[in-house]
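Content type compact mmCIF, C-alpha atoms (C1' of nucleotides), from the file my_file.txt:
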# COMPACT_ATOMS: atom_id res chain seq x y z
CA MET G 1 85.92 207.10 49.15
CA PRO G 2 86.26 203.43 48.26
CA LYS G 3 85.36 201.00 51.00
CA LYS G 4 87.33 197.86 51.80
CA GLN G 5 85.38 194.85 52.93
CA GLN G 6 87.37 191.85 51.83
CA ILE G 7 89.88 190.43 54.22
CA GLU G 8 92.06 187.78 52.77
CA HIS G 9 90.49 184.39 52.88
CA THR G 10 89.91 184.64 49.17
CA PRO G 11 91.71 181.39 48.37
CA LEU G 12 89.61 179.57 50.94
CA LEU G 13 86.41 180.84 49.37
CA VAL G 14 87.56 179.89 45.88
CA LEU G 15 88.63 176.39 46.89
CA SER G 16 85.37 176.01 48.73
CA LEU G 17 83.28 176.95 45.71
CA LEU G 18 85.11 174.42 43.56
CA ALA G 19 84.56 171.63 46.08
CA GLY G 20 81.01 171.25 44.84
CA GLU G 21 81.50 171.53 41.11
CA ASP G 22 83.80 172.84 38.42
CA MET G 23 83.23 176.52 37.72
CA TYR G 24 84.55 179.31 35.55
CA GLY G 25 85.70 182.64 36.92
CA TYR G 26 82.71 184.77 36.17
CA GLN G 27 80.44 182.11 37.59
CA MET G 28 82.41 182.05 40.83
CA ILE G 29 81.83 185.75 41.30
CA LEU G 30 78.09 185.32 40.84
CA GLU G 31 77.91 182.21 43.01
CA LEU G 32 79.93 183.79 45.77
CA ALA G 33 77.61 186.77 45.86
CA ARG G 34 74.58 184.51 45.92
CA ARG G 35 75.81 182.09 48.59
CA SER G 36 77.04 184.89 50.83
CA ASN G 37 73.81 186.79 50.43
CA HIS G 38 75.76 189.51 48.63
CA THR G 39 78.20 190.07 51.46
CA PHE G 40 80.97 189.15 49.05
CA ASP G 41 81.31 191.09 45.87
CA MET G 42 84.59 189.74 44.60
CA LYS G 43 86.27 191.82 41.95
CA GLU G 44 87.81 190.38 38.82
CA GLY G 45 91.09 192.04 39.71
CA THR G 46 91.03 189.96 42.88
CA LEU G 47 89.79 186.66 41.56
CA TYR G 48 91.81 186.02 38.43
CA PRO G 49 95.24 186.46 39.98
CA VAL G 50 94.18 184.17 42.81
CA LEU G 51 92.98 181.53 40.35
CA HIS G 52 96.28 181.65 38.52
CA GLY G 53 98.16 181.36 41.77
CA LEU G 54 96.14 178.36 42.93
CA GLU G 55 96.64 176.72 39.55
CA GLN G 56 100.39 177.20 39.80
CA LYS G 57 100.38 175.59 43.22
CA GLY G 58 98.65 172.58 41.72
CA TYR G 59 95.44 173.16 43.69
CA LEU G 60 93.40 173.70 40.53
CA GLU G 61 93.41 172.45 36.98
CA ALA G 62 91.95 174.50 34.16
CA TYR G 63 90.29 173.38 30.94
CA ARG G 64 88.37 175.18 28.24
CA GLN G 65 84.86 174.23 27.31
CA GLU G 66 82.35 175.72 24.95
CA ALA G 67 79.09 176.88 26.48
CA PRO G 68 75.70 176.31 24.79
CA THR G 69 75.80 180.01 23.94
CA GLY G 70 78.87 179.47 21.84
CA ARG G 71 81.22 181.23 24.18
CA VAL G 72 84.33 179.41 25.35
CA ARG G 73 84.72 179.38 29.10
CA LYS G 74 87.69 178.48 31.25
CA TYR G 75 86.63 176.00 33.90
CA TYR G 76 88.59 175.19 37.02
CA HIS G 77 88.66 171.81 38.71
CA LEU G 78 89.76 171.16 42.29
CA THR G 79 92.63 168.68 42.43
CA ARG G 80 93.30 166.19 45.21
CA LYS G 81 96.01 168.50 46.47
CA GLY G 82 93.56 171.39 46.34
CA GLY G 83 91.10 169.37 48.39
CA GLU G 84 93.70 168.87 51.08
CA ALA G 85 94.47 172.58 51.06
CA LEU G 86 90.77 173.27 51.44
CA ARG G 87 90.62 171.13 54.55
CA THR G 88 93.60 172.77 56.22
CA GLU G 89 92.45 176.26 55.21
CA THR G 90 89.00 175.55 56.58
CA GLU G 91 90.56 174.45 59.83
CA SER G 92 92.63 177.65 59.94
CA TRP G 93 89.51 179.68 59.39
CA ARG G 94 87.69 177.98 62.25
CA GLN G 95 90.68 178.56 64.49
CA TYR G 96 90.88 182.20 63.51
CA SER G 97 87.20 183.05 63.68
CA GLY G 98 86.87 181.16 66.94
CA ALA G 99 89.70 183.22 68.40
CA VAL G 100 88.11 186.49 67.31
CA ASP G 101 84.83 185.42 68.84
CA ALA G 102 86.60 184.47 72.04
CA VAL G 103 88.22 187.90 72.31
CA LEU G 104 84.94 189.64 71.58
CA ARG G 105 83.19 187.57 74.21
CA SER G 106 85.81 188.13 76.88
CA SER G 107 85.57 191.90 76.38
CA ALA G 108 81.81 191.86 76.36
CA LEU G 109 81.98 190.19 79.76
CA GLY G 110 84.24 192.92 80.99
CA THR G 111 81.71 195.47 79.85
CA ALA G 112 78.72 193.79 81.40
CA MET P 1 109.62 181.84 54.53
CA PRO P 2 107.67 184.15 56.83
CA LYS P 3 104.13 183.11 57.54
CA LYS P 4 101.17 185.46 57.58
CA GLN P 5 98.36 184.67 59.97
CA GLN P 6 96.80 188.00 60.78
CA ILE P 7 94.01 189.15 58.55
CA GLU P 8 93.01 192.67 59.20
CA HIS P 9 90.51 192.94 61.99
CA THR P 10 93.27 194.30 64.16
CA PRO P 11 91.38 197.49 65.02
CA LEU P 12 88.36 195.44 66.05
CA LEU P 13 90.49 193.35 68.40
CA VAL P 14 92.13 196.42 69.91
CA LEU P 15 88.86 198.23 70.46
CA SER P 16 87.43 195.08 71.92
CA LEU P 17 90.26 194.71 74.41
CA LEU P 18 89.82 198.27 75.59
CA ALA P 19 86.09 197.84 76.09
CA GLY P 20 86.80 196.02 79.35
CA GLU P 21 89.51 198.18 80.82
CA ASP P 22 92.21 200.67 79.94
CA MET P 23 95.40 198.99 78.80
CA TYR P 24 98.87 199.83 77.59
CA GLY P 25 100.31 198.46 74.38
CA TYR P 26 102.51 195.74 75.72
CA GLN P 27 99.67 194.52 77.90
CA MET P 28 97.36 194.30 74.90
CA ILE P 29 99.76 191.98 73.15
CA LEU P 30 99.91 189.69 76.16
CA GLU P 31 96.17 189.82 76.79
CA LEU P 32 95.34 189.16 73.16
CA ALA P 33 97.54 186.09 73.16
CA ARG P 34 95.95 184.87 76.36
CA ARG P 35 92.32 185.45 75.40
CA SER P 36 92.79 183.93 71.96
CA ASN P 37 94.56 180.93 73.41
CA HIS P 38 97.69 182.07 71.56
CA THR P 39 96.06 182.15 68.15
CA PHE P 40 96.96 185.81 68.00
CA ASP P 41 100.54 186.85 68.39
CA MET P 42 100.32 190.50 67.50
CA LYS P 43 103.58 192.19 66.62
CA GLU P 44 104.60 195.58 67.92
CA GLY P 45 105.08 196.80 64.39
CA THR P 46 101.41 196.03 63.86
CA LEU P 47 99.96 197.26 67.12
CA TYR P 48 101.56 200.65 67.68
CA PRO P 49 100.70 202.17 64.30
CA VAL P 50 97.13 200.94 64.75
CA LEU P 51 96.92 202.51 68.20
CA HIS P 52 98.14 205.83 66.84
CA GLY P 53 95.63 205.65 64.01
CA LEU P 54 92.74 204.89 66.35
CA GLU P 55 93.81 207.73 68.59
CA GLN P 56 93.86 210.13 65.65
CA LYS P 57 90.36 209.07 64.74
CA GLY P 58 89.25 209.91 68.24
CA TYR P 59 88.44 206.32 69.12
CA LEU P 60 91.05 206.22 71.87
CA GLU P 61 92.57 208.62 74.34
CA ALA P 62 96.03 208.09 75.75
CA TYR P 63 97.44 209.04 79.11
CA ARG P 64 100.66 208.23 80.94
CA GLN P 65 100.69 206.57 84.30
CA GLU P 66 103.47 205.29 86.47
CA ALA P 67 103.39 201.63 87.32
CA PRO P 68 104.21 200.31 90.82
CA THR P 69 107.51 199.20 89.33
CA GLY P 70 108.42 202.79 88.58
CA ARG P 71 108.07 202.46 84.83
CA VAL P 72 105.84 204.92 83.02
CA ARG P 73 103.27 203.26 80.81
CA LYS P 74 101.05 204.72 78.13
CA TYR P 75 97.48 203.68 78.74
CA TYR P 76 94.70 203.84 76.19
CA HIS P 77 91.09 204.54 77.02
CA LEU P 78 88.13 203.79 74.76
CA THR P 79 86.12 206.94 74.00
CA ARG P 80 82.41 207.09 73.38
CA LYS P 81 83.11 207.38 69.69
CA GLY P 82 85.39 204.37 69.93
CA GLY P 83 82.61 202.43 71.60
CA GLU P 84 80.32 203.16 68.69
CA ALA P 85 83.02 202.08 66.27
CA LEU P 86 83.40 198.87 68.23
CA ARG P 87 79.72 198.10 67.85
CA THR P 88 79.67 198.67 64.09
CA GLU P 89 82.93 196.79 63.62
CA THR P 90 81.61 193.90 65.63
CA GLU P 91 78.52 193.82 63.45
CA SER P 92 80.72 193.84 60.33
CA TRP P 93 82.68 190.93 61.71
CA ARG P 94 79.53 188.90 62.38
CA GLN P 95 78.33 189.67 58.88
CA TYR P 96 81.64 188.68 57.37
CA SER P 97 82.26 185.52 59.37
CA GLY P 98 78.67 184.44 58.88
CA ALA P 99 79.06 184.83 55.14
CA VAL P 100 82.25 182.77 55.09
CA ASP P 101 80.53 180.07 57.11
CA ALA P 102 77.59 180.13 54.73
CA VAL P 103 79.85 179.63 51.72
CA LEU P 104 81.73 176.83 53.44
CA ARG P 105 78.49 175.11 54.36
CA SER P 106 76.99 175.39 50.88
CA SER P 107 80.08 173.82 49.38
CA ALA P 108 80.19 171.08 51.95
CA LEU P 109 76.64 170.23 50.97
CA GLY P 110 77.70 170.00 47.35
CA THR P 111 80.41 167.56 48.32
CA ALA P 112 78.24 165.37 50.48
C1' DT O 1 71.39 198.60 12.26
C1' DT O 2 73.67 200.35 15.78
C1' DA O 3 74.52 201.01 20.43
C1' DT O 4 74.50 199.36 24.84
C1' DT O 5 74.74 195.92 28.20
C1' DA O 6 76.14 191.43 29.98
C1' DT O 7 79.39 187.96 29.64
C1' DA O 8 84.25 186.45 30.09
C1' DC O 9 89.12 186.77 30.73
C1' DA O 10 93.24 189.38 31.88
C1' DT O 11 96.87 192.76 33.71
C1' DA O 12 99.12 197.15 35.51
C1' DG O 13 99.30 200.27 39.16
C1' DC O 14 97.91 201.97 43.67
C1' DG O 15 96.95 202.03 48.59
C1' DA O 16 96.60 199.70 52.81
C1' DT O 17 98.01 196.25 55.99
C1' DG O 18 101.09 193.40 58.71
C1' DC O 19 105.62 191.96 59.58
C1' DA O 20 110.67 191.83 60.11
C1' DA O 21 114.11 194.36 61.73
C1' DG O 22 116.08 197.73 64.16
C1' DG O 23 116.40 201.52 67.66
C1' DT O 24 115.85 203.56 72.48
C1' DA O 25 115.27 203.14 77.32
C1' DT O 26 114.33 201.25 81.96
C1' DG O 27 113.63 197.72 85.56
C1' DT O 28 114.94 193.02 87.41
C1' DC O 29 117.73 189.32 88.51
C1' DA O 30 121.66 186.24 88.42
C1' DT V 1 128.09 193.37 85.22
C1' DG V 2 125.52 191.39 81.92
C1' DA V 3 121.41 189.36 80.33
C1' DC V 4 116.71 189.46 79.97
C1' DA V 5 112.00 191.22 80.22
C1' DT V 6 109.43 195.22 79.84
C1' DA V 7 107.84 199.18 77.11
C1' DC V 8 107.54 202.25 73.27
C1' DC V 9 108.47 203.55 68.48
C1' DT V 10 109.73 203.74 63.27
C1' DT V 11 111.54 202.36 58.66
C1' DG V 12 111.22 199.50 54.90
C1' DC V 13 109.45 195.50 52.62
C1' DA V 14 106.06 192.10 50.85
C1' DT V 15 101.49 190.92 50.05
C1' DC V 16 96.78 191.59 49.16
C1' DG V 17 92.59 193.46 47.18
C1' DC V 18 90.79 197.03 44.46
C1' DT V 19 90.50 200.45 40.71
C1' DA V 20 91.08 201.10 36.24
C1' DT V 21 91.71 199.61 31.95
C1' DG V 22 91.97 196.55 27.94
C1' DT V 23 90.22 192.89 24.85
C1' DA V 24 86.57 190.24 22.86
C1' DT V 25 82.00 188.14 22.05
C1' DA V 26 76.89 187.41 22.72
C1' DA V 27 72.42 189.31 23.78
C1' DT V 28 69.35 192.98 23.86
C1' DA V 29 67.51 197.53 23.22
C1' DA V 30 66.87 201.67 20.54

Is it possible to give me this structure as structure tokens?
Amino acid sequence: MPKKQQIEHTPLLVLSLLAGEDMYGYQMILELARRSNHTFDMKEGTLYPVLHGLEQKGYLEAYRQEAPTGRVRKYYHLTRKGGEALRTETESWRQYSGAVDAVLRSSALGTA
Amino acid sequence: MPKKQQIEHTPLLVLSLLAGEDMYGYQMILELARRSNHTFDMKEGTLYPVLHGLEQKGYLEAYRQEAPTGRVRKYYHLTRKGGEALRTETESWRQYSGAVDAVLRSSALGTA
DNA sequence: TTATTATACATAGCGATGCAAGGTATGTCA
DNA sequence: TGACATACCTTGCATCGCTATGTATAATAA
């Protein structure tokens, strides 16, 4: 019985990760797990399509670069447009999570 | 171009509403809009299937009651089992929203 | 040396979720 | 009478995230 835990804001998380530094896909998965204290365990089947979508929207730019190990990685860079999207998405998130909290609080009051 | 704004935690919001008092569907939509300061505008096509699902799980019990207006409304009552679900769902939400916030913060630091 | 694991990217197909759209019915008010 | 708000419900569609799978290379273990 597979368990769902992800909820949508995947693009926000991706844009957010890339605000600090350029990253490649696999690295994003590891970083996201680390920074979220393993609450997020993003799957490759989730991430890669999202990356391609964000690139098509002009939010990200990709380039290939060889790692010290010899492997070629595909790095993503946040564009100016992507930075703007990050700001509006962050604002949406605050709005949304604040609203959920407000509903939870109002009910908790009713219970008390 | 239809816009999506809802993200999933619909059952959590419904359970939360019913923690305070029994409500009927239409009322939940109005109350949710009010308590969320109109961030949530739940559609009937979203709410009713969710109510039926929660009822089937034994989280809610429904009963019909005539309103002063003469109309018969279908009220939902939160069961004990539903109350437990509410607590675990609330905890999941805190976990999730906390993780998103953590990721957003860590990236913001990288940018600063 | 060979096999396994970790790294790294990608896509097809499935299930669940939320919404638009439509249907039914009753009460209220102009 | 007609329009609108109230009140419930369902069908069908689009989107999203996950599972599963495929490909390929580097590191490590047996």

Could you produce a table of the residues of chain V lying within 10 Å of chain P, with the nearest pair of atoms per residue and their separation in Å rounded to one decimal, using all atoms listed in the file, ordered by chain and increasing residue number, as JSON lines?
{"residue": "V:DT6", "atom": "C1'", "partner": "P:Tyr26", "partner_atom": "CA", "distance": 8.1}
{"residue": "V:DA7", "atom": "C1'", "partner": "P:Tyr26", "partner_atom": "CA", "distance": 6.5}
{"residue": "V:DC8", "atom": "C1'", "partner": "P:Gly25", "partner_atom": "CA", "distance": 8.2}
{"residue": "V:DC9", "atom": "C1'", "partner": "P:Tyr48", "partner_atom": "CA", "distance": 7.5}
{"residue": "V:DT10", "atom": "C1'", "partner": "P:Gly45", "partner_atom": "CA", "distance": 8.4}
{"residue": "V:DT15", "atom": "C1'", "partner": "P:Lys4", "partner_atom": "CA", "distance": 9.3}

Residues of chain G within 12 Å of chain P, counting all atoms listed in the file, what are they? List them as a ChimeraX atom specification. /G:4-22,28,31-41,78,83,86-87,89-112

Test item: chain O residues at most 12 Å from chain P, counting all atoms listed in the file, as a list in words: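 Therefore, the residues near the partner are DA16, DT17, DG18, DC19, DA20, DA21, DG22, DA25, DT26, DG27 and DT28 of chain O.
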
Could you write out that same residue set with C-alpha atoms (C1' of nucleotides) as a PDB file, in the frame of the given file?
ATOM      1  C1'  DA O  16      96.600 199.700  52.810  1.00  0.00           C
ATOM      2  C1'  DT O  17      98.010 196.250  55.990  1.00  0.00           C
ATOM      3  C1'  DG O  18     101.090 193.400  58.710  1.00  0.00           C
ATOM      4  C1'  DC O  19     105.620 191.960  59.580  1.00  0.00           C
ATOM      5  C1'  DA O  20     110.670 191.830  60.110  1.00  0.00           C
ATOM      6  C1'  DA O  21     114.110 194.360  61.730  1.00  0.00           C
ATOM      7  C1'  DG O  22     116.080 197.730  64.160  1.00  0.00           C
ATOM      8  C1'  DA O  25     115.270 203.140  77.320  1.00  0.00           C
ATOM      9  C1'  DT O  26     114.330 201.250  81.960  1.00  0.00           C
ATOM     10  C1'  DG O  27     113.630 197.720  85.560  1.00  0.00           C
ATOM     11  C1'  DT O  28     114.940 193.020  87.410  1.00  0.00           C
TER      12       DT O  28
END

The distance between atom CA of Glu61 of chain P and atom C1' of DT24 of chain O is 23.9 Å

Using only C-alpha atoms for the distances, tell me which of P:Glu84, P:Met23, P:Tyr76, P:Leu30 is nearest to His52 of chain P.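 The shortest atom-to-atom distance to His52 of chain P comes from P:Tyr76.
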
Please, which residues are within 10 Å of (75.4, 199.4, 20.7) by the file's coordinates, counting all atoms listed in the file, and could they come as a PDB file with C-alpha atoms (C1' of nucleotides), in the coordinates of the input?
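And here is the file that came out, part_36.pdb:
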ATOM      1  C1'  DT O   1      71.390 198.600  12.260  1.00  0.00           C
ATOM      2  C1'  DT O   2      73.670 200.350  15.780  1.00  0.00           C
ATOM      3  C1'  DA O   3      74.520 201.010  20.430  1.00  0.00           C
ATOM      4  C1'  DT O   4      74.500 199.360  24.840  1.00  0.00           C
ATOM      5  C1'  DT O   5      74.740 195.920  28.200  1.00  0.00           C
TER       6       DT O   5
ATOM      7  C1'  DT V  28      69.350 192.980  23.860  1.00  0.00           C
ATOM      8  C1'  DA V  29      67.510 197.530  23.220  1.00  0.00           C
ATOM      9  C1'  DA V  30      66.870 201.670  20.540  1.00  0.00           C
TER      10       DA V  30
END
